$ cat entry_3.cif   # mmCIF, C-alpha atoms and all ligand atoms
data_start
#
loop_
_atom_site.label_atom_id
_atom_site.label_comp_id
_atom_site.auth_asym_id
_atom_site.auth_seq_id
_atom_site.Cartn_x
_atom_site.Cartn_y
_atom_site.Cartn_z
CA MET A 658 111.97 36.22 4.98
CA GLU A 659 114.49 33.49 4.35
CA THR A 660 113.16 30.69 2.15
CA LEU A 661 114.27 27.25 3.39
CA LYS A 662 115.56 24.97 0.64
CA LEU A 663 114.51 21.50 1.74
CA ALA A 664 116.61 18.70 0.22
CA VAL A 665 114.84 15.45 -0.65
CA SER A 666 117.73 13.02 -1.07
CA LYS A 667 117.28 9.73 0.80
CA THR A 668 118.92 10.82 4.03
CA GLU A 669 117.08 14.15 4.29
CA TYR A 670 113.74 13.07 2.87
CA GLN A 671 111.71 12.39 6.01
CA ASN A 672 113.06 15.43 7.84
CA SER A 673 112.16 17.67 4.94
CA ILE A 674 108.64 16.25 4.64
CA ASN A 675 108.14 16.76 8.40
CA THR A 676 109.42 20.34 8.23
CA ALA A 677 107.17 21.17 5.27
CA ALA A 678 104.15 19.64 7.04
CA GLU A 679 104.87 21.64 10.22
CA ILE A 680 105.16 24.88 8.26
CA LEU A 681 101.83 24.17 6.53
CA LYS A 682 100.06 23.31 9.80
CA ASN A 683 101.29 26.64 11.16
CA GLY A 684 99.81 28.62 8.29
CA GLY A 685 102.93 28.88 6.12
CA VAL A 686 103.40 28.40 2.37
CA VAL A 687 105.68 25.82 0.74
CA GLY A 688 106.77 25.24 -2.87
CA MET A 689 106.50 21.55 -3.74
CA PRO A 690 107.04 19.38 -6.80
CA THR A 691 104.10 17.63 -8.42
CA GLU A 692 104.03 15.56 -11.59
CA THR A 693 102.45 18.47 -13.51
CA VAL A 694 104.35 21.61 -12.41
CA TYR A 695 105.68 22.88 -9.05
CA GLY A 696 102.89 24.07 -6.76
CA LEU A 697 102.83 26.70 -4.01
CA ALA A 698 100.97 24.94 -1.21
CA ALA A 699 99.00 26.21 1.79
CA SER A 700 96.24 24.73 3.96
CA ALA A 701 92.92 24.86 2.10
CA TYR A 702 91.22 25.48 5.47
CA ASP A 703 93.30 28.52 6.41
CA ASP A 704 92.15 31.76 4.82
CA LYS A 705 95.19 33.71 6.08
CA ALA A 706 97.63 31.15 4.64
CA ILE A 707 95.82 31.22 1.29
CA LYS A 708 96.09 35.01 1.20
CA LYS A 709 99.88 34.59 1.51
CA VAL A 710 99.81 32.40 -1.60
CA PHE A 711 97.95 35.06 -3.61
CA GLU A 712 100.32 37.71 -2.33
CA ALA A 713 103.56 35.82 -3.06
CA LYS A 714 102.39 35.06 -6.62
CA GLY A 715 100.74 38.41 -7.28
CA ARG A 716 97.73 36.34 -8.35
CA PRO A 717 94.41 38.12 -9.04
CA GLN A 718 92.03 37.48 -6.12
CA ASP A 719 89.24 36.23 -8.38
CA ASN A 720 91.28 33.27 -9.71
CA PRO A 721 90.49 30.20 -7.55
CA LEU A 722 93.00 27.52 -6.52
CA ILE A 723 93.11 23.75 -6.97
CA VAL A 724 92.91 21.71 -3.75
CA HIS A 725 95.21 18.68 -3.56
CA ILE A 726 94.21 15.61 -1.57
CA SER A 727 96.04 12.38 -0.71
CA ASP A 728 93.14 9.94 -0.27
CA MET A 729 89.44 9.51 -0.99
CA GLU A 730 88.41 10.34 2.60
CA MET A 731 89.79 13.81 2.10
CA LEU A 732 87.55 14.21 -0.94
CA ASN A 733 84.52 14.16 1.37
CA GLU A 734 86.09 16.83 3.56
CA VAL A 735 86.40 19.28 0.68
CA ALA A 736 83.48 18.45 -1.65
CA GLU A 737 79.81 17.48 -1.29
CA ASP A 738 76.96 16.28 -3.56
CA ILE A 739 79.59 14.27 -5.37
CA PRO A 740 78.21 12.64 -8.53
CA GLU A 741 78.93 8.94 -9.14
CA ILE A 742 81.04 9.67 -12.23
CA VAL A 743 83.67 11.29 -9.99
CA TYR A 744 84.46 7.89 -8.46
CA THR A 745 84.74 6.31 -11.89
CA LEU A 746 87.10 9.05 -13.07
CA ALA A 747 89.09 8.91 -9.82
CA GLU A 748 89.48 5.16 -10.21
CA LYS A 749 90.88 5.64 -13.69
CA PHE A 750 92.90 8.88 -13.44
CA TRP A 751 93.84 9.42 -9.76
CA PRO A 752 96.41 9.82 -8.52
CA GLY A 753 97.23 11.89 -11.60
CA PRO A 754 96.80 15.11 -13.57
CA LEU A 755 93.00 15.41 -13.62
CA THR A 756 91.23 18.17 -11.65
CA MET A 757 87.48 18.02 -11.09
CA VAL A 758 85.35 21.04 -10.15
CA LEU A 759 82.69 20.01 -7.58
CA HIS A 760 80.43 21.63 -4.97
CA ARG A 761 82.51 22.74 -2.03
CA THR A 762 82.05 22.14 1.69
CA ALA A 763 81.97 24.99 4.20
CA LYS A 764 85.40 23.93 5.51
CA ILE A 765 87.18 25.28 2.45
CA ALA A 766 88.52 28.80 2.99
CA GLU A 767 86.58 31.40 1.00
CA SER A 768 89.66 32.68 -0.78
CA VAL A 769 90.48 29.21 -2.19
CA SER A 770 87.29 29.32 -4.24
CA ALA A 771 87.52 33.05 -4.89
CA GLY A 772 83.89 33.48 -3.87
CA LEU A 773 82.53 30.55 -5.96
CA LEU A 774 80.41 27.76 -4.44
CA THR A 775 82.63 25.18 -6.09
CA VAL A 776 86.07 23.74 -5.47
CA ALA A 777 88.57 22.25 -7.91
CA VAL A 778 90.10 19.00 -6.54
CA ARG A 779 92.81 16.62 -7.59
CA MET A 780 94.95 13.83 -6.16
CA PRO A 781 98.52 14.23 -7.43
CA SER A 782 100.71 11.20 -8.13
CA SER A 783 103.99 12.81 -7.06
CA LYS A 784 105.28 10.95 -3.99
CA ILE A 785 106.59 14.12 -2.37
CA ALA A 786 103.26 15.92 -2.78
CA LEU A 787 101.29 12.94 -1.44
CA ASP A 788 103.63 12.59 1.54
CA VAL A 789 103.37 16.29 2.43
CA ILE A 790 99.58 16.21 2.23
CA SER A 791 99.18 13.10 4.34
CA LYS A 792 101.84 14.13 6.87
CA SER A 793 100.14 17.51 7.40
CA GLY A 794 96.70 15.88 7.35
CA LEU A 795 95.49 18.88 5.36
CA PRO A 796 94.09 19.29 1.87
CA LEU A 797 96.50 21.73 0.22
CA ALA A 798 95.53 24.50 -2.14
CA ALA A 799 98.42 24.80 -4.56
CA PRO A 800 98.50 26.98 -7.68
CA SER A 801 101.62 26.90 -9.81
CA ALA A 802 104.61 28.26 -7.86
CA ASN A 803 105.47 31.08 -10.26
CA VAL A 804 104.94 34.82 -10.23
CA SER A 805 101.53 35.29 -11.87
CA GLY A 806 101.77 35.75 -15.63
CA ARG A 807 105.20 34.06 -15.92
CA PRO A 808 105.70 30.55 -17.35
CA SER A 809 104.78 27.86 -14.80
CA PRO A 810 107.74 26.37 -12.90
CA THR A 811 108.82 22.86 -13.84
CA THR A 812 112.07 22.75 -11.83
CA ALA A 813 112.92 23.68 -8.23
CA SER A 814 115.22 26.42 -9.50
CA HIS A 815 112.34 28.06 -11.44
CA VAL A 816 110.53 28.34 -8.09
CA VAL A 817 113.58 29.78 -6.36
CA ASN A 818 114.06 32.27 -9.21
CA ASP A 819 110.49 33.53 -8.91
CA LEU A 820 109.72 33.30 -5.20
CA ASP A 821 112.94 33.25 -3.13
CA GLY A 822 112.45 35.39 -0.04
CA LYS A 823 108.66 35.49 -0.47
CA ILE A 824 107.70 31.99 0.79
CA ASP A 825 108.62 29.83 3.78
CA ALA A 826 110.23 26.87 2.01
CA VAL A 827 110.74 24.95 -1.22
CA LEU A 828 111.04 21.18 -1.45
CA MET A 829 113.94 20.86 -3.90
CA GLY A 830 112.68 17.85 -5.87
CA GLU A 831 113.15 16.59 -9.40
CA ASP A 832 111.93 18.26 -12.59
CA SER A 833 108.19 17.83 -13.20
CA ASP A 834 107.26 14.80 -15.32
CA PHE A 835 104.51 16.26 -17.48
CA GLY A 836 105.45 19.92 -17.49
CA VAL A 837 101.96 21.34 -18.07
CA GLU A 838 99.28 21.87 -15.45
CA SER A 839 96.45 19.40 -14.83
CA THR A 840 93.42 18.92 -17.03
CA VAL A 841 90.46 20.76 -15.43
CA ILE A 842 86.86 19.63 -15.96
CA THR A 843 83.73 20.89 -14.27
CA LEU A 844 81.06 18.43 -13.18
CA VAL A 845 78.68 20.85 -11.44
CA GLY A 846 76.62 21.91 -14.46
CA GLU A 847 74.19 20.03 -16.67
CA THR A 848 76.94 18.98 -19.08
CA PRO A 849 80.56 18.31 -18.19
CA ILE A 850 82.96 20.90 -19.62
CA LEU A 851 86.70 20.76 -20.24
CA LEU A 852 87.97 24.04 -18.80
CA ARG A 853 91.70 23.51 -19.25
CA PRO A 854 93.41 20.77 -21.29
CA GLY A 855 96.31 18.86 -19.71
CA ALA A 856 98.06 15.51 -19.76
CA VAL A 857 94.76 13.65 -19.31
CA THR A 858 93.41 14.26 -22.79
CA TYR A 859 89.98 15.20 -24.12
CA GLU A 860 90.03 11.97 -26.15
CA GLN A 861 90.65 9.87 -23.01
CA LEU A 862 87.87 11.63 -21.08
CA LEU A 863 85.31 11.18 -23.87
CA LYS A 864 85.21 7.45 -23.12
CA PHE A 865 83.78 8.23 -19.69
CA LEU A 866 82.02 11.53 -20.49
CA PRO A 867 80.60 11.13 -24.01
CA ASN A 868 78.91 14.55 -23.79
CA LEU A 869 82.06 16.41 -22.63
CA GLU A 870 82.21 19.89 -24.15
CA ILE A 871 85.33 21.97 -24.65
CA SER A 872 85.03 25.46 -23.21
CA ASP A 873 85.38 28.23 -25.83
CA ALA A 874 88.07 29.74 -23.66
CA VAL A 875 90.44 26.81 -24.29
CA LEU A 876 91.34 28.08 -27.76
CA ASN A 877 89.80 31.55 -27.93
CA GLU A 878 90.30 34.85 -26.20
CA LEU A 879 87.42 35.83 -23.95
CA LYS A 880 85.80 39.08 -25.06
CA ALA A 881 85.23 41.85 -22.56
CA GLY A 882 82.04 41.00 -20.68
CA ASP A 883 82.15 37.24 -21.46
CA ARG A 884 81.58 35.14 -18.38
CA ALA A 885 84.57 32.96 -17.52
CA GLU A 886 83.60 29.43 -16.45
CA SER A 887 87.11 29.13 -15.15
CA PRO A 888 88.35 32.54 -14.04
CA GLY A 889 92.01 31.67 -14.72
CA MET A 890 91.38 31.54 -18.44
CA LYS A 891 90.82 35.23 -18.83
CA TYR A 892 94.35 36.18 -17.83
CA LYS A 893 97.48 36.60 -19.92
CA HIS A 894 99.69 33.75 -18.88
CA TYR A 895 102.96 31.92 -19.31
CA ALA A 896 104.50 34.82 -21.24
CA PRO A 897 108.18 35.58 -21.85
CA LYS A 898 109.06 39.29 -21.90
CA THR A 899 109.93 39.02 -25.60
CA THR A 900 106.86 39.59 -27.79
CA ALA A 901 105.61 36.12 -28.76
CA PHE A 902 103.76 34.88 -31.85
CA LEU A 903 102.33 31.42 -32.42
CA VAL A 904 102.95 30.23 -35.98
CA GLU A 905 100.81 27.65 -37.82
CA GLY A 906 100.98 26.13 -41.31
CA GLU A 907 103.69 24.75 -43.61
CA GLY A 908 107.17 26.23 -44.04
CA PHE A 909 108.08 27.36 -40.51
CA ALA A 910 111.84 27.31 -41.21
CA ASP A 911 111.53 29.47 -44.38
CA PHE A 912 109.27 31.87 -42.53
CA VAL A 913 111.54 32.42 -39.53
CA ASN A 914 114.72 32.57 -41.65
CA LYS A 915 113.34 35.82 -43.13
CA GLN A 916 112.84 37.44 -39.72
CA GLU A 917 115.29 39.87 -38.14
CA ASN A 918 115.92 40.41 -34.44
CA ALA A 919 113.94 37.25 -33.68
CA VAL A 920 114.21 33.86 -31.97
CA ALA A 921 112.49 30.65 -33.07
CA VAL A 922 111.01 27.99 -30.80
CA CYS A 923 110.89 24.90 -32.98
CA PHE A 924 110.66 21.12 -33.23
CA MET A 925 113.72 18.88 -33.23
CA GLU A 926 112.97 17.69 -36.77
CA GLU A 927 113.26 21.16 -38.35
CA ALA A 928 116.03 22.64 -36.17
CA GLY A 929 118.75 21.96 -38.78
CA SER A 930 117.02 24.20 -41.35
CA ILE A 931 116.61 27.18 -39.03
CA LYS A 932 119.31 29.83 -39.39
CA ILE A 933 118.22 32.32 -36.71
CA PRO A 934 118.77 31.80 -32.94
CA LYS A 935 116.53 28.95 -31.83
CA LEU A 936 115.34 26.83 -28.93
CA ILE A 937 114.09 23.27 -29.49
CA TYR A 938 111.12 22.18 -27.41
CA GLY A 939 110.83 18.53 -28.40
CA SER A 940 109.63 16.35 -31.25
CA ALA A 941 106.55 17.27 -33.29
CA ASP A 942 105.42 13.64 -33.05
CA ASP A 943 105.92 13.31 -29.31
CA LYS A 944 103.50 15.73 -27.67
CA LEU A 945 104.60 14.70 -24.18
CA SER A 946 108.13 15.87 -25.01
CA LEU A 947 106.73 19.27 -26.02
CA ALA A 948 104.71 19.52 -22.80
CA HIS A 949 107.73 18.56 -20.75
CA SER A 950 109.96 21.33 -22.11
CA ILE A 951 107.70 24.18 -23.08
CA PHE A 952 107.75 26.25 -19.88
CA GLY A 953 111.51 25.86 -19.42
CA VAL A 954 112.04 27.00 -23.02
CA LEU A 955 109.71 29.99 -22.57
CA ARG A 956 111.82 31.02 -19.57
CA GLU A 957 114.96 30.95 -21.75
CA VAL A 958 113.63 33.03 -24.62
CA ASP A 959 114.44 36.38 -23.03
CA LYS A 960 118.17 35.68 -22.69
CA PHE A 961 118.57 36.31 -26.46
CA GLY A 962 117.43 39.91 -26.03
CA ALA A 963 115.51 39.64 -29.33
CA GLU A 964 112.46 41.71 -30.18
CA ARG A 965 110.16 38.84 -31.15
CA VAL A 966 109.88 35.09 -30.68
CA PHE A 967 108.11 32.85 -33.20
CA ILE A 968 106.83 29.59 -31.75
CA HIS A 969 105.90 26.67 -34.01
CA ALA A 970 102.42 25.52 -32.93
CA PRO A 971 101.88 21.81 -32.20
CA GLU A 972 98.90 19.90 -33.59
CA LYS A 973 95.92 20.22 -31.27
CA GLU A 974 95.40 16.48 -30.71
CA GLY A 975 95.99 14.62 -27.47
CA VAL A 976 98.43 16.40 -25.17
CA GLY A 977 99.09 18.78 -28.09
CA LEU A 978 95.86 20.59 -27.15
CA ALA A 979 97.30 21.39 -23.70
CA VAL A 980 100.53 22.70 -25.20
CA TYR A 981 98.65 24.75 -27.80
CA ASN A 982 96.39 26.20 -25.07
CA ARG A 983 99.43 27.42 -23.08
CA LEU A 984 101.22 28.78 -26.15
CA ILE A 985 98.29 30.77 -27.47
CA ARG A 986 98.18 32.52 -24.08
CA ALA A 987 101.95 33.04 -24.02
CA ALA A 988 101.46 34.73 -27.40
CA ALA A 989 98.49 36.77 -26.10
CA PHE A 990 96.43 35.19 -28.94
CA LYS A 991 98.69 36.53 -31.73
CA VAL A 992 98.58 33.67 -34.27
CA ILE A 993 100.29 33.83 -37.68
CA ASN A 994 99.09 31.48 -40.43
CA ILE A 995 101.71 30.88 -43.11
P1 LIG A 1001 96.60 27.05 -11.30
O1 LIG A 1001 96.29 26.97 -9.85
O2 LIG A 1001 97.52 28.15 -11.65
O3 LIG A 1001 96.98 25.72 -11.87
O4 LIG A 1001 95.21 27.41 -11.97
C1 LIG A 1001 94.04 26.73 -11.56
C2 LIG A 1001 93.03 26.74 -12.68
O5 LIG A 1001 91.85 26.06 -12.24
C3 LIG A 1001 92.63 28.15 -13.08
O6 LIG A 1001 92.44 28.20 -14.46
C4 LIG A 1001 91.33 28.32 -12.30
O7 LIG A 1001 90.51 29.28 -12.91
C5 LIG A 1001 90.74 26.92 -12.35
N1 LIG A 1001 89.83 26.70 -11.21
C6 LIG A 1001 90.16 26.56 -9.92
N2 LIG A 1001 89.06 26.44 -9.15
C7 LIG A 1001 88.00 26.53 -9.97
C8 LIG A 1001 86.59 26.49 -9.78
N3 LIG A 1001 86.06 26.36 -8.56
N4 LIG A 1001 85.80 26.63 -10.86
C9 LIG A 1001 86.33 26.77 -12.10
N5 LIG A 1001 87.67 26.81 -12.33
C10 LIG A 1001 88.49 26.70 -11.30
MG MG A 1002 99.26 28.92 -12.78
#

$ encode --input "entry_3.cif" --output "structure tokens"
Amino acid sequence: METLKLAVSKTEYQNSINTAAEILKNGGVVGMPTETVYGLAASAYDDKAIKKVFEAKGRPQDNPLIVHISDMEMLNEVAEDIPEIVYTLAEKFWPGPLTMVLHRTAKIAESVSAGLLTVAVRMPSSKIALDVISKSGLPLAAPSANVSGRPSPTTASHVVNDLDGKIDAVLMGEDSDFGVESTVITLVGETPILLRPGAVTYEQLLKFLPNLEISDAVLNELKAGDRAESPGMKYKHYAPKTTAFLVEGEGFADFVNKQENAVAVCFMEEAGSIKIPKLIYGSADDKLSLAHSIFGVLREVDKFGAERVFIHAPEKEGVGLAVYNRLIRAAAFKVINI
């Protein structure tokens, strides 16, 4: 199939939104920018359309999708038994990068929830995403618009590189603001649990959810037989083809300078001391800069044709936890302490 590239400059904007909405209403799939990463959207009510999303991505069928809404009325269409705290959190963090797992309504296509009785919901802040949702009148299930296992797409060209010819259209918007996927929390159990860290931080959420727990799977590899609270966390993810290692501790530059046939992914502050091929992913002190660049940098690693890539781990505070969580998966949990 030919993938339409929908321009979003001023003159083409409304036409492109209308075209995307029509495609979605007719059961098609569309790549669209959001403030976190690019999503691959389809109607959350249309089981056949959702199956196309899984197919285009090569996503395992047991990994459920996040449903994107444009207003609070839509929340009642997709979720039920909604606890009061959801409205407090929505007031504070929506539209924005917070996803809440709630009980689902019967309207949601089975494949969205991958057989679970819950649904993950968020209201994005990206204008394009909000306009597509409200124009189509549909809640949109939208996982990251990458081939499963690859780094998530943060530019329109990442989406085209991964999915050209496999999806109906891509809205060719700007680069994603945050660059890492949304924070996911579940509110269906006795205690709230952080399932995936993102730009809304654990520290920010604690003010509203003082008993918020962090799922073991955020920083640890699930053992065979462990039950995944969030199925997505059991998969290898975000990986370059080059074998990746996450490196912690003092003396990163000295460590990588001794390595042969290797690339370093480092902070701006240390780049001058690194003598092997390197990619800079931001400032150690500015975790948002690291989040913004990390997936783009992971996509560039392979062009060096090196055997191994050593990635300097960020501190795990604030948005650093989200970046660390993605990197430890990109490295398939291979961590080196120097
Ligand atoms: P992605 O769509 O690629 O951003 O991934 C969505 C993430 O949300 C994955 O880690 C899923 O496992 C998680 N998720 C989606 N729906 C649910 C749900 N109903 N319960 C728990 N986790 C979910
Ligand atoms: Mg993804």

$ closest_atom_pairs --input "entry_3.cif" --of "segment 672-729 of chain A" --to "segment 753-770 of chain A" --cutoff "12 Å" --atoms "all atoms listed in the file" --output "Markdown table"
| residue | atom | partner | partner_atom | distance |
| --- | --- | --- | --- | --- |
| A:Thr691 | CA | A:Pro754 | CA | 9.3 |
| A:Glu692 | CA | A:Pro754 | CA | 7.5 |
| A:Thr693 | CA | A:Pro754 | CA | 6.6 |
| A:Val694 | CA | A:Pro754 | CA | 10.0 |
| A:Ala698 | CA | A:Val769 | CA | 11.4 |
| A:Ala699 | CA | A:Val769 | CA | 9.9 |
| A:Ser700 | CA | A:Ala766 | CA | 8.8 |
| A:Ala701 | CA | A:Ile765 | CA | 5.8 |
| A:Tyr702 | CA | A:Ala766 | CA | 4.9 |
| A:Asp703 | CA | A:Ala766 | CA | 5.9 |
| A:Asp704 | CA | A:Ala766 | CA | 5.0 |
| A:Lys705 | CA | A:Ala766 | CA | 8.8 |
| A:Ala706 | CA | A:Ala766 | CA | 9.6 |
| A:Ile707 | CA | A:Ser768 | CA | 6.7 |
| A:Lys708 | CA | A:Ser768 | CA | 7.1 |
| A:Lys709 | CA | A:Ser768 | CA | 10.6 |
| A:Val710 | CA | A:Val769 | CA | 9.9 |
| A:Phe711 | CA | A:Ser768 | CA | 9.1 |
| A:Glu712 | CA | A:Ser768 | CA | 11.9 |
| A:Arg716 | CA | A:Ser768 | CA | 11.7 |
| A:Pro717 | CA | A:Ser768 | CA | 11.0 |
| A:Gln718 | CA | A:Ser768 | CA | 7.6 |
| A:Asp719 | CA | A:Ser770 | CA | 8.3 |
| A:Asn720 | CA | A:Ser770 | CA | 7.8 |
| A:Pro721 | CA | A:Ser770 | CA | 4.7 |
| A:Leu722 | CA | A:Val769 | CA | 5.3 |
| A:Ile723 | CA | A:Thr756 | CA | 7.5 |
| A:Val724 | CA | A:Val769 | CA | 8.0 |
| A:His725 | CA | A:Thr756 | CA | 9.0 |
| A:Ile726 | CA | A:Thr756 | CA | 10.8 |
| A:Ser727 | CA | A:Gly753 | CA | 11.0 |

$ residues_near_ligand --input "entry_3.cif" --ligand "ligand LIG 1001 (chain A)" --cutoff "8 Å" --atoms "all atoms listed in the file" --output "JSON, numbers by chain"
{"A": [696, 720, 721, 722, 723, 756, 758, 759, 769, 770, 771, 773, 774, 775, 776, 777, 778, 799, 800, 801, 809, 838, 839, 841, 843, 852, 853, 886, 887, 888, 889, 890]}

$ residues_around --input "entry_3.cif" --residues "segment 661-667 of chain A" --least-positions-apart "6" --cutoff "7 Å" --atoms "all atoms listed in the file" --output "ChimeraX atom specification"
/A:673,825-830

$ closest_residue --input "entry_3.cif" --among "A:Asn672, A:Asn818, A:Thr811, A:Ser950" --to "ligand MG 1002 (chain A)" --atoms "all atoms listed in the file"
A:Thr811

$ closest_residue --input "entry_3.cif" --among "A:Gly715, A:Leu787, A:Gly806, A:Glu974" --to "ligand MG 1002 (chain A)" --atoms "all atoms listed in the file"
A:Gly806
